[in-house]
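**Q** Just one file: entry-v3.pdb, with PDB, C-alpha atoms.
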```
ATOM      1  CA  MET A   1     129.801  74.967  76.715
ATOM      2  CA  HIS A   2     128.700  76.352  73.334
ATOM      3  CA  GLU A   3     129.162  80.082  72.846
ATOM      4  CA  ASN A   4     125.440  80.744  72.481
ATOM      5  CA  THR A   5     124.568  78.742  75.574
ATOM      6  CA  LEU A   6     123.818  80.885  78.591
ATOM      7  CA  PRO A   7     123.917  79.593  82.172
ATOM      8  CA  ARG A   8     120.453  78.871  83.543
ATOM      9  CA  PRO A   9     119.399  81.345  86.262
ATOM     10  CA  SER A  10     118.993  79.846  89.697
ATOM     11  CA  GLN A  11     115.433  79.460  90.965
ATOM     12  CA  PRO A  12     114.280  82.146  93.414
ATOM     13  CA  ALA A  13     114.193  81.029  97.041
ATOM     14  CA  ALA A  14     110.591  82.157  97.390
ATOM     15  CA  SER A  15     107.868  83.594  95.198
ATOM     16  CA  LEU A  16     107.256  87.331  95.164
ATOM     17  CA  SER A  17     103.895  86.869  96.893
ATOM     18  CA  THR A  18     105.510  84.760  99.631
ATOM     19  CA  LEU A  19     108.209  87.376 100.150
ATOM     20  CA  SER A  20     105.612  90.146 100.234
ATOM     21  CA  GLY A  21     103.642  88.294 102.898
ATOM     22  CA  ARG A  22     106.818  87.694 104.898
ATOM     23  CA  VAL A  23     107.824  91.360 104.726
ATOM     24  CA  LEU A  24     104.342  92.492 105.787
ATOM     25  CA  GLY A  25     104.549  90.151 108.763
ATOM     26  CA  LEU A  26     107.976  91.474 109.806
ATOM     27  CA  ALA A  27     107.176  95.165 109.362
ATOM     28  CA  ASN A  28     107.556  97.074 112.619
ATOM     29  CA  LEU A  29     104.577  99.337 111.950
ATOM     30  CA  GLY A  30     100.905  98.928 111.245
ATOM     31  CA  LEU A  31      99.784  98.620 107.633
ATOM     32  CA  ALA A  32      96.139  98.600 106.597
ATOM     33  CA  VAL A  33      94.615  98.999 103.138
ATOM     34  CA  ILE A  34      90.980  99.934 102.596
ATOM     35  CA  ASP A  35      89.011 100.146  99.361
ATOM     36  CA  SER A  36      86.736 102.923  98.112
ATOM     37  CA  LYS A  37      83.894 101.613 100.311
ATOM     38  CA  HIS A  38      86.121 101.714 103.414
ATOM     39  CA  ARG A  39      86.347  97.906 103.550
ATOM     40  CA  ILE A  40      89.563  96.458 104.947
ATOM     41  CA  VAL A  41      91.451  94.433 102.318
ATOM     42  CA  LEU A  42      94.828  94.191 104.093
ATOM     43  CA  TRP A  43      95.660  94.073 107.806
ATOM     44  CA  ASN A  44      99.240  93.128 108.638
ATOM     45  CA  GLN A  45     100.502  91.128 111.620
ATOM     46  CA  TRP A  46     101.558  94.276 113.512
ATOM     47  CA  MET A  47      97.972  95.556 113.442
ATOM     48  CA  ALA A  48      96.667  92.121 114.475
ATOM     49  CA  SER A  49      99.112  91.823 117.389
ATOM     50  CA  HIS A  50      98.416  95.300 118.745
ATOM     51  CA  SER A  51      94.633  95.363 118.205
ATOM     52  CA  GLY A  52      93.826  91.767 119.147
ATOM     53  CA  LEU A  53      91.945  91.419 115.831
ATOM     54  CA  SER A  54      93.306  88.985 113.237
ATOM     55  CA  ALA A  55      93.318  89.731 109.522
ATOM     56  CA  SER A  56      90.727  87.005 108.878
ATOM     57  CA  ARG A  57      88.438  88.615 111.479
ATOM     58  CA  VAL A  58      88.542  92.168 110.064
ATOM     59  CA  GLN A  59      88.895  91.518 106.326
ATOM     60  CA  GLY A  60      85.905  92.880 104.436
ATOM     61  CA  SER A  61      84.708  94.924 107.434
ATOM     62  CA  ASP A  62      84.013  98.643 107.146
ATOM     63  CA  LEU A  63      86.883 100.368 108.982
ATOM     64  CA  PHE A  64      84.586 102.954 110.540
ATOM     65  CA  GLU A  65      82.008 100.396 111.635
ATOM     66  CA  LEU A  66      84.746  98.287 113.209
ATOM     67  CA  PHE A  67      86.228 101.332 114.979
ATOM     68  CA  GLU A  68      83.260 103.674 115.409
ATOM     69  CA  GLU A  69      85.299 106.100 117.511
ATOM     70  CA  LEU A  70      87.184 107.113 114.340
ATOM     71  CA  ARG A  71      84.024 108.697 112.896
ATOM     72  CA  GLY A  72      84.303 112.457 112.763
ATOM     73  CA  GLN A  73      87.999 112.315 113.661
ATOM     74  CA  ARG A  74      91.052 113.283 111.633
ATOM     75  CA  VAL A  75      91.587 109.719 110.405
ATOM     76  CA  GLU A  76      88.151 109.580 108.748
ATOM     77  CA  GLN A  77      88.638 113.039 107.227
ATOM     78  CA  ALA A  78      92.050 112.060 105.858
ATOM     79  CA  VAL A  79      90.703 108.823 104.364
ATOM     80  CA  HIS A  80      87.805 110.619 102.657
ATOM     81  CA  SER A  81      90.204 113.201 101.233
ATOM     82  CA  ALA A  82      92.598 110.503 100.017
ATOM     83  CA  LEU A  83      89.898 108.473  98.275
ATOM     84  CA  GLN A  84      87.974 111.404  96.808
ATOM     85  CA  ASN A  85      90.751 113.886  96.006
ATOM     86  CA  GLY A  86      93.875 111.726  95.952
ATOM     87  CA  THR A  87      95.398 113.739  98.797
ATOM     88  CA  ALA A  88      97.978 112.135 101.085
ATOM     89  CA  ALA A  89      98.216 113.226 104.723
ATOM     90  CA  SER A  90     100.317 112.807 107.844
ATOM     91  CA  LEU A  91      98.175 113.420 110.897
ATOM     92  CA  PRO A  92      99.624 115.760 113.546
ATOM     93  CA  HIS A  93     100.455 113.711 116.621
ATOM     94  CA  GLY A  94      99.361 116.366 119.085
ATOM     95  CA  LEU A  95      95.692 116.499 117.999
ATOM     96  CA  ASN A  96      94.830 112.868 118.732
ATOM     97  CA  ARG A  97      97.644 110.888 120.290
ATOM     98  CA  ALA A  98      95.967 107.459 120.054
ATOM     99  CA  PRO A  99      93.237 107.317 117.380
ATOM    100  CA  PHE A 100      93.233 103.503 116.994
ATOM    101  CA  PRO A 101      92.650 101.139 119.965
ATOM    102  CA  LEU A 102      96.190  99.707 119.827
ATOM    103  CA  TYR A 103      98.155  98.433 122.823
ATOM    104  CA  PRO A 104     101.721  97.268 123.493
ATOM    105  CA  SER A 105     102.433  93.614 122.657
ATOM    106  CA  GLY A 106     101.450  91.172 125.375
ATOM    107  CA  THR A 107      98.890  93.497 126.955
ATOM    108  CA  TRP A 108      95.192  94.081 126.436
ATOM    109  CA  GLY A 109      93.336  97.171 127.506
ATOM    110  CA  GLY A 110      94.957  99.775 129.734
ATOM    111  CA  GLU A 111      96.843 102.671 128.198
ATOM    112  CA  ARG A 112      96.939 102.860 124.409
ATOM    113  CA  MET A 113     100.175 103.353 122.526
ATOM    114  CA  GLU A 114     100.609 106.832 121.092
ATOM    115  CA  GLN A 115     100.529 106.767 117.314
ATOM    116  CA  ALA A 116     101.767 108.581 114.251
ATOM    117  CA  VAL A 117      99.361 107.998 111.349
ATOM    118  CA  SER A 118      99.828 108.652 107.644
ATOM    119  CA  VAL A 119      97.291 108.136 104.855
ATOM    120  CA  THR A 120      98.310 107.549 101.225
ATOM    121  CA  PRO A 121      95.933 107.066  98.260
ATOM    122  CA  PHE A 122      96.761 104.747  95.365
ATOM    123  CA  THR A 123      95.012 102.984  92.515
ATOM    124  CA  GLU A 124      95.145  99.449  91.179
ATOM    125  CA  GLY A 125      93.618  99.353  87.725
ATOM    126  CA  LYS A 126      90.404 101.356  88.053
ATOM    127  CA  GLU A 127      90.011 100.737  91.769
ATOM    128  CA  LYS A 128      90.897 103.338  94.400
ATOM    129  CA  TYR A 129      92.570 102.306  97.636
ATOM    130  CA  CYS A 130      94.019 103.956 100.688
ATOM    131  CA  LEU A 131      97.105 102.855 102.643
ATOM    132  CA  ILE A 132      97.078 103.655 106.368
ATOM    133  CA  GLU A 133     100.413 103.456 108.194
ATOM    134  CA  VAL A 134     100.501 103.485 111.990
ATOM    135  CA  SER A 135     103.698 103.847 114.040
ATOM    136  CA  ASN A 136     104.216 103.588 117.794
ATOM    137  CA  VAL A 137     105.599 106.907 119.065
ATOM    138  CA  SER A 138     104.907 106.365 122.751
ATOM    139  CA  SER A 139     108.393 107.038 123.995
ATOM    140  CA  THR A 140     111.905 108.195 123.174
ATOM    141  CA  MET A 141     114.191 106.262 120.843
ATOM    142  CA  GLY A 142     116.051 104.733 123.786
ATOM    143  CA  ARG A 143     112.812 103.582 125.361
ATOM    144  CA  GLU A 144     111.622 102.245 121.997
ATOM    145  CA  ARG A 145     114.735 100.071 121.722
ATOM    146  CA  GLN A 146     113.986  98.653 125.160
ATOM    147  CA  LEU A 147     110.366  98.045 124.245
ATOM    148  CA  ARG A 148     111.465  96.242 121.082
ATOM    149  CA  VAL A 149     113.383  93.728 123.177
ATOM    150  CA  GLN A 150     110.400  93.325 125.516
ATOM    151  CA  ALA A 151     108.040  92.925 122.561
ATOM    152  CA  GLU A 152     110.138  90.034 121.234
ATOM    153  CA  ALA A 153     109.969  88.345 124.637
ATOM    154  CA  LEU A 154     106.199  88.849 124.737
ATOM    155  CA  ARG A 155     105.546  87.812 121.150
ATOM    156  CA  ALA A 156     104.599  84.300 122.266
ATOM    157  CA  GLN A 157     101.870  85.855 124.412
ATOM    158  CA  SER A 158     100.222  87.538 121.451
ATOM    159  CA  TYR A 159      96.451  87.445 121.418
ATOM    160  CA  VAL A 160      96.336  85.847 117.952
ATOM    161  CA  ASP A 161      96.852  82.132 117.315
ATOM    162  CA  GLY A 162      99.810  81.771 114.978
ATOM    163  CA  LEU A 163      98.379  78.893 112.938
ATOM    164  CA  THR A 164      94.700  79.727 112.474
ATOM    165  CA  GLY A 165      94.707  83.535 112.746
ATOM    166  CA  ILE A 166      91.839  83.624 115.270
ATOM    167  CA  ALA A 167      92.148  84.501 118.970
ATOM    168  CA  ASN A 168      94.366  82.240 121.069
ATOM    169  CA  ARG A 169      93.753  80.710 124.517
ATOM    170  CA  ARG A 170      95.193  83.724 126.341
ATOM    171  CA  HIS A 171      92.824  86.064 124.521
ATOM    172  CA  PHE A 172      89.913  83.720 125.235
ATOM    173  CA  ASP A 173      90.666  83.604 128.981
ATOM    174  CA  VAL A 174      90.830  87.395 129.218
ATOM    175  CA  ALA A 175      87.639  87.868 127.177
ATOM    176  CA  LEU A 176      85.647  85.306 129.180
ATOM    177  CA  SER A 177      86.738  86.871 132.478
ATOM    178  CA  ARG A 178      85.818  90.354 131.247
ATOM    179  CA  GLU A 179      82.417  89.298 129.909
ATOM    180  CA  LEU A 180      81.594  87.334 133.086
ATOM    181  CA  LYS A 181      82.162  90.470 135.155
ATOM    182  CA  ARG A 182      79.969  92.481 132.796
ATOM    183  CA  ALA A 183      77.202  89.833 132.793
ATOM    184  CA  SER A 184      77.246  89.669 136.591
ATOM    185  CA  ARG A 185      77.227  93.448 136.949
ATOM    186  CA  ASN A 186      74.466  94.070 134.389
ATOM    187  CA  ASP A 187      72.571  90.810 134.846
ATOM    188  CA  SER A 188      72.911  90.268 131.093
ATOM    189  CA  PRO A 189      73.057  86.939 129.232
ATOM    190  CA  LEU A 190      76.355  85.340 128.272
ATOM    191  CA  SER A 191      77.013  82.017 126.546
ATOM    192  CA  LEU A 192      80.040  79.850 125.904
ATOM    193  CA  LEU A 193      80.707  77.231 123.225
ATOM    194  CA  LEU A 194      83.368  74.533 123.374
ATOM    195  CA  MET A 195      83.886  72.517 120.214
ATOM    196  CA  ASP A 196      86.155  69.764 119.006
ATOM    197  CA  ILE A 197      86.978  68.418 115.544
ATOM    198  CA  ASP A 198      85.692  64.857 115.549
ATOM    199  CA  SER A 199      88.270  62.031 115.183
ATOM    200  CA  PHE A 200      91.059  64.509 114.536
ATOM    201  CA  LYS A 201      93.792  62.070 115.615
ATOM    202  CA  ALA A 202      92.633  59.715 112.868
ATOM    203  CA  TYR A 203      92.798  62.633 110.404
ATOM    204  CA  ASN A 204      96.381  63.471 111.421
ATOM    205  CA  ASP A 205      97.458  59.830 111.355
ATOM    206  CA  HIS A 206      96.024  59.326 107.867
ATOM    207  CA  PHE A 207      96.837  62.635 106.111
ATOM    208  CA  GLY A 208      99.851  63.841 108.120
ATOM    209  CA  HIS A 209     100.372  66.847 110.389
ATOM    210  CA  GLN A 210     100.850  69.364 107.576
ATOM    211  CA  GLN A 211      97.452  68.524 106.137
ATOM    212  CA  GLY A 212      96.123  68.463 109.708
ATOM    213  CA  ASP A 213      97.248  72.067 110.175
ATOM    214  CA  ALA A 214      95.505  73.015 106.932
ATOM    215  CA  CYS A 215      92.323  71.365 108.212
ATOM    216  CA  LEU A 216      92.529  73.261 111.510
ATOM    217  CA  THR A 217      92.896  76.552 109.633
ATOM    218  CA  LEU A 218      89.967  75.794 107.320
ATOM    219  CA  VAL A 219      87.679  74.873 110.231
ATOM    220  CA  ALA A 220      88.785  77.973 112.177
ATOM    221  CA  GLU A 221      87.936  80.242 109.229
ATOM    222  CA  ALA A 222      84.487  78.674 108.852
ATOM    223  CA  PHE A 223      83.883  78.888 112.600
ATOM    224  CA  ALA A 224      84.955  82.538 112.858
ATOM    225  CA  ALA A 225      82.870  83.464 109.786
ATOM    226  CA  SER A 226      79.780  82.106 111.562
ATOM    227  CA  LEU A 227      80.070  84.752 114.300
ATOM    228  CA  GLN A 228      78.486  87.916 112.952
ATOM    229  CA  ARG A 229      78.747  90.400 115.833
ATOM    230  CA  PRO A 230      81.953  92.323 116.667
ATOM    231  CA  ALA A 231      81.643  91.424 120.367
ATOM    232  CA  ASP A 232      81.606  87.653 119.674
ATOM    233  CA  LEU A 233      85.003  85.996 120.093
ATOM    234  CA  ALA A 234      86.218  82.966 118.140
ATOM    235  CA  ALA A 235      89.265  81.317 119.700
ATOM    236  CA  ARG A 236      91.481  78.290 119.380
ATOM    237  CA  TYR A 237      91.205  76.692 122.814
ATOM    238  CA  GLY A 238      93.990  74.179 122.276
ATOM    239  CA  GLY A 239      94.934  71.487 119.750
ATOM    240  CA  GLU A 240      91.822  70.684 117.730
ATOM    241  CA  GLU A 241      89.508  72.402 120.254
ATOM    242  CA  PHE A 242      87.870  75.766 119.623
ATOM    243  CA  ALA A 243      85.785  78.055 121.824
ATOM    244  CA  ALA A 244      83.434  80.996 121.433
ATOM    245  CA  VAL A 245      82.437  83.722 123.897
ATOM    246  CA  LEU A 246      78.993  85.110 123.034
ATOM    247  CA  PRO A 247      78.043  88.232 125.053
ATOM    248  CA  ASP A 248      74.364  89.224 125.291
ATOM    249  CA  THR A 249      73.382  85.747 124.059
ATOM    250  CA  ASP A 250      71.031  83.469 125.994
ATOM    251  CA  LEU A 251      71.020  79.668 125.892
ATOM    252  CA  ALA A 252      68.435  79.345 123.109
ATOM    253  CA  GLN A 253      70.276  81.854 120.924
ATOM    254  CA  ALA A 254      73.597  80.132 121.644
ATOM    255  CA  GLN A 255      72.172  76.796 120.489
ATOM    256  CA  ILE A 256      71.200  78.397 117.180
ATOM    257  CA  VAL A 257      74.698  79.844 116.770
ATOM    258  CA  ALA A 258      76.272  76.485 117.646
ATOM    259  CA  GLU A 259      74.096  74.647 115.149
ATOM    260  CA  SER A 260      74.997  77.133 112.407
ATOM    261  CA  ILE A 261      78.710  76.568 113.145
ATOM    262  CA  ARG A 262      78.281  72.778 113.112
ATOM    263  CA  ALA A 263      76.372  72.899 109.813
ATOM    264  CA  ARG A 264      78.857  75.280 108.205
ATOM    265  CA  VAL A 265      81.815  73.026 109.007
ATOM    266  CA  ALA A 266      79.939  69.926 107.842
ATOM    267  CA  ALA A 267      79.097  71.726 104.585
ATOM    268  CA  LEU A 268      82.815  72.156 103.834
ATOM    269  CA  ASP A 269      82.746  68.465 102.798
ATOM    270  CA  VAL A 270      86.378  67.944 103.789
ATOM    271  CA  PRO A 271      87.090  64.204 103.353
ATOM    272  CA  HIS A 272      87.968  62.482 106.633
ATOM    273  CA  ALA A 273      90.219  59.523 107.387
ATOM    274  CA  PRO A 274      88.816  56.007 106.791
ATOM    275  CA  ALA A 275      88.979  55.329 110.549
ATOM    276  CA  ALA A 276      86.793  58.346 111.416
ATOM    277  CA  VAL A 277      83.160  58.014 112.489
ATOM    278  CA  HIS A 278      81.913  60.308 109.709
ATOM    279  CA  PRO A 279      83.150  60.431 106.088
ATOM    280  CA  ASN A 280      83.717  64.198 106.248
ATOM    281  CA  VAL A 281      85.229  66.489 108.895
ATOM    282  CA  THR A 282      82.658  67.499 111.542
ATOM    283  CA  LEU A 283      82.416  69.329 114.880
ATOM    284  CA  SER A 284      80.908  68.326 118.212
ATOM    285  CA  ILE A 285      79.814  71.324 120.301
ATOM    286  CA  GLY A 286      78.998  71.832 123.981
ATOM    287  CA  VAL A 287      76.989  74.901 125.042
ATOM    288  CA  ALA A 288      76.765  76.617 128.439
ATOM    289  CA  ALA A 289      75.106  79.850 129.569
ATOM    290  CA  PHE A 290      75.865  82.193 132.470
ATOM    291  CA  SER A 291      73.676  81.916 135.557
ATOM    292  CA  LYS A 292      74.063  84.118 138.643
ATOM    293  CA  THR A 293      73.246  81.227 140.966
ATOM    294  CA  GLU A 294      75.071  78.305 139.298
ATOM    295  CA  LEU A 295      77.237  78.917 136.237
ATOM    296  CA  ASN A 296      78.633  82.194 137.507
ATOM    297  CA  ASP A 297      82.398  81.847 137.001
ATOM    298  CA  ALA A 298      84.771  80.682 134.270
ATOM    299  CA  ALA A 299      85.445  77.276 135.824
ATOM    300  CA  ALA A 300      81.742  76.474 136.187
ATOM    301  CA  MET A 301      80.869  77.560 132.642
ATOM    302  CA  LEU A 302      83.826  75.727 131.126
ATOM    303  CA  GLY A 303      82.979  72.627 133.140
ATOM    304  CA  ALA A 304      79.372  72.623 131.942
ATOM    305  CA  ALA A 305      80.360  73.194 128.310
ATOM    306  CA  ASP A 306      83.066  70.510 128.510
ATOM    307  CA  ARG A 307      80.639  67.941 129.950
ATOM    308  CA  ALA A 308      78.174  68.771 127.173
ATOM    309  CA  LEU A 309      80.937  68.326 124.604
ATOM    310  CA  TYR A 310      81.717  64.908 126.097
ATOM    311  CA  VAL A 311      78.043  63.919 125.811
ATOM    312  CA  ALA A 312      78.023  65.083 122.171
ATOM    313  CA  LYS A 313      80.993  62.824 121.465
ATOM    314  CA  LYS A 314      79.295  59.863 123.129
ATOM    315  CA  ALA A 315      76.089  60.568 121.195
ATOM    316  CA  GLY A 316      77.799  59.959 117.867
ATOM    317  CA  ARG A 317      79.589  63.270 117.259
ATOM    318  CA  ASN A 318      78.594  66.008 114.763
ATOM    319  CA  CYS A 319      75.947  67.389 117.139
ATOM    320  CA  VAL A 320      75.227  70.174 119.648
ATOM    321  CA  VAL A 321      74.533  69.449 123.343
ATOM    322  CA  VAL A 322      73.599  71.907 126.109
ATOM    323  CA  GLY A 323      75.522  71.713 129.378
ATOM    324  CA  THR A 324      74.101  71.841 132.910
ATOM    325  CA  PRO A 325      75.534  72.702 136.348
ATOM    326  CA  LEU A 326      77.353  69.778 137.965
ATOM    327  CA  ALA A 327      74.869  69.655 140.840
ATOM    328  CA  ALA A 328      71.993  69.120 138.395
ATOM    329  CA  GLU A 329      73.510  65.963 136.924
TER     330      GLU A 329
END
```
Turn this file's structure into structure tokens for me.

**A**
Amino acid sequence: MHENTLPRPSQPAASLSTLSGRVLGLANLGLAVIDSKHRIVLWNQWMASHSGLSASRVQGSDLFELFEELRGQRVEQAVHSALQNGTAASLPHGLNRAPFPLYPSGTWGGERMEQAVSVTPFTEGKEKYCLIEVSNVSSTMGRERQLRVQAEALRAQSYVDGLTGIANRRHFDVALSRELKRASRNDSPLSLLLMDIDSFKAYNDHFGHQQGDACLTLVAEAFAASLQRPADLAARYGGEEFAAVLPDTDLAQAQIVAESIRARVAALDVPHAPAAVHPNVTLSIGVAAFSKTELNDAAAMLGAADRALYVAKKAGRNCVVVGTPLAAE
């Protein structure tokens, strides 16, 4: 080796951005960043797991519109002070033990975890931001160690789908059951969508499973972005199937929502496999609506939506079909 020749540095195992994302996902506390207009720009996996809201679902939302109960509370006051005056704050635990609707891993609803919240202002260029850190302080250190072990065991039962970032099947089942009870009690409308990526096996066979996963994620993002109301739930039902729970939505309104989802996915213009029916990736969608006399439980609604989805497939795919009770067929 010549004297002026230096050994070449080894390549880093991962890029800084990849490492940052990994660290945010492993952090054992909630991290959220909001901009000067209170819009959420970062929402780590801890917040997603304990709130049931994925980062893709909340990103760009106003924090205080998403969680209206925070208005007028210490969290809102601390955020305003941080953004306007550059003042950091640690909120006293005793005044509001559970400001955010956060729950232990693997559960939904019930008793909230008690939280310690700190608010830190910072700037990036000329833009002002605010970092919100949330820690679980529900129990003693010994109890927290035990809960950590339980949380690892329950991680697989998280309410967020690991691939697409939208709600998973478990979350969907709980939400549909809850909304069916509410619809029955209040005699309010409720609709359900079941949808399937057309010819997805052909896509996987042609492009490979890695590209197939990327396609699933892209479709999920477009699907979730089509649902505008906080109460609407976008979920991965299984494999290449997706589902939506639409509270306070009648059949006619649900058809409009379904058509907007179908059109939005078609407009992505994702090239499909040569063996597929259509040249680009498309969705077939089945629609069902709650009825006190016929479609009044989860099995009945899912059955009607699934039969409608089957008809949509038989009709050439890339279309929306309304389901009916089994007795009416």

**Q** Would you tabulate, counting only C-alpha atoms, all residues of region 204-257 of chain A that have an atom at most 10 Å from an atom of region 275-281 of chain A, showing the closest pair of atoms and their distance in Å to one decimal, sorted by chain then ascending number, as CSV?

**A**
```
residue,atom,partner,partner_atom,distance
A:Asp205,CA,A:Ala275,CA,9.6
A:His206,CA,A:Ala275,CA,8.5
A:Cys215,CA,A:Val281,CA,8.6
A:Val219,CA,A:Val281,CA,8.8
```

**Q** So which residues get picked by the PyMOL selection byres ((chain A and resi 189) around 12) here, written as a PDB file with C-alpha atoms, in the coordinates of the input?

**A**
```pdb
ATOM      1  CA  GLU A 179      82.417  89.298 129.909  1.00  0.00           C
ATOM      2  CA  LEU A 180      81.594  87.334 133.086  1.00  0.00           C
ATOM      3  CA  LYS A 181      82.162  90.470 135.155  1.00  0.00           C
ATOM      4  CA  ARG A 182      79.969  92.481 132.796  1.00  0.00           C
ATOM      5  CA  ALA A 183      77.202  89.833 132.793  1.00  0.00           C
ATOM      6  CA  SER A 184      77.246  89.669 136.591  1.00  0.00           C
ATOM      7  CA  ARG A 185      77.227  93.448 136.949  1.00  0.00           C
ATOM      8  CA  ASN A 186      74.466  94.070 134.389  1.00  0.00           C
ATOM      9  CA  ASP A 187      72.571  90.810 134.846  1.00  0.00           C
ATOM     10  CA  SER A 188      72.911  90.268 131.093  1.00  0.00           C
ATOM     11  CA  LEU A 190      76.355  85.340 128.272  1.00  0.00           C
ATOM     12  CA  SER A 191      77.013  82.017 126.546  1.00  0.00           C
ATOM     13  CA  LEU A 192      80.040  79.850 125.904  1.00  0.00           C
ATOM     14  CA  VAL A 245      82.437  83.722 123.897  1.00  0.00           C
ATOM     15  CA  LEU A 246      78.993  85.110 123.034  1.00  0.00           C
ATOM     16  CA  PRO A 247      78.043  88.232 125.053  1.00  0.00           C
ATOM     17  CA  ASP A 248      74.364  89.224 125.291  1.00  0.00           C
ATOM     18  CA  THR A 249      73.382  85.747 124.059  1.00  0.00           C
ATOM     19  CA  ASP A 250      71.031  83.469 125.994  1.00  0.00           C
ATOM     20  CA  LEU A 251      71.020  79.668 125.892  1.00  0.00           C
ATOM     21  CA  ALA A 252      68.435  79.345 123.109  1.00  0.00           C
ATOM     22  CA  GLN A 253      70.276  81.854 120.924  1.00  0.00           C
ATOM     23  CA  ALA A 254      73.597  80.132 121.644  1.00  0.00           C
ATOM     24  CA  ALA A 288      76.765  76.617 128.439  1.00  0.00           C
ATOM     25  CA  ALA A 289      75.106  79.850 129.569  1.00  0.00           C
ATOM     26  CA  PHE A 290      75.865  82.193 132.470  1.00  0.00           C
ATOM     27  CA  SER A 291      73.676  81.916 135.557  1.00  0.00           C
ATOM     28  CA  LYS A 292      74.063  84.118 138.643  1.00  0.00           C
ATOM     29  CA  LEU A 295      77.237  78.917 136.237  1.00  0.00           C
ATOM     30  CA  ASN A 296      78.633  82.194 137.507  1.00  0.00           C
TER      31      ASN A 296
END
```

**Q** Using all atoms listed in the file, pick whichever of A:Ala220, A:Leu163, A:Val33, A:Ala243 has the shortest atom-to-atom distance to Val79 (chain A).

**A**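 Closest candidate: A:Val33.
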
**Q** Can you list, as a compact mmCIF listing (two decimals) with C-alpha atoms, keeping the file's coordinate frame, every protein, DNA or RNA residue that comes within 8 Å of Leu302 (chain A) when you count only C-alpha atoms, leaving out same-chain residues fewer than 2 positions away?

**A**
```txt
# COMPACT_ATOMS: atom_id res chain seq x y z
CA LEU A 192 80.04 79.85 125.90
CA LEU A 194 83.37 74.53 123.37
CA ALA A 288 76.76 76.62 128.44
CA ALA A 298 84.77 80.68 134.27
CA ALA A 299 85.44 77.28 135.82
CA ALA A 300 81.74 76.47 136.19
CA ALA A 304 79.37 72.62 131.94
CA ALA A 305 80.36 73.19 128.31
CA ASP A 306 83.07 70.51 128.51
```

**Q** Find the residue from A:Thr164, A:Ser36, A:Asn85, A:Ser226 that sits nearest to Ala55 (chain A); use all atoms listed in the file when measuring.

**A**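 With all atoms listed in the file as the atom set, the closest residue is A:Thr164.
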
**Q** Each residue of region 75-128 of chain A lying at most 12 Å from region 41-48 of chain A should get a row with its shortest atom-to-atom pair and the distance in Å to one decimal, counting all atoms listed in the file; could you produce that, ordered by chain and increasing number, as a Markdown table?

**A**
```
| residue | atom | partner | partner_atom | distance |
| --- | --- | --- | --- | --- |
| A:Phe100 | CA | A:Met47 | CA | 9.9 |
| A:Pro101 | CA | A:Met47 | CA | 10.1 |
| A:Leu102 | CA | A:Met47 | CA | 7.8 |
| A:Tyr103 | CA | A:Met47 | CA | 9.8 |
| A:Pro104 | CA | A:Trp46 | CA | 10.4 |
| A:Ser105 | CA | A:Trp46 | CA | 9.2 |
| A:Gly106 | CA | A:Ala48 | CA | 11.9 |
| A:Lys128 | CA | A:Val41 | CA | 11.9 |
```

**Q** Write the residues you've just listed into a file as a PDB file, in the coordinates of the input, and include C-alpha atoms for each of them.

**A**
```
ATOM      1  CA  PHE A 100      93.233 103.503 116.994  1.00  0.00           C
ATOM      2  CA  PRO A 101      92.650 101.139 119.965  1.00  0.00           C
ATOM      3  CA  LEU A 102      96.190  99.707 119.827  1.00  0.00           C
ATOM      4  CA  TYR A 103      98.155  98.433 122.823  1.00  0.00           C
ATOM      5  CA  PRO A 104     101.721  97.268 123.493  1.00  0.00           C
ATOM      6  CA  SER A 105     102.433  93.614 122.657  1.00  0.00           C
ATOM      7  CA  GLY A 106     101.450  91.172 125.375  1.00  0.00           C
ATOM      8  CA  LYS A 128      90.897 103.338  94.400  1.00  0.00           C
TER       9      LYS A 128
END
```
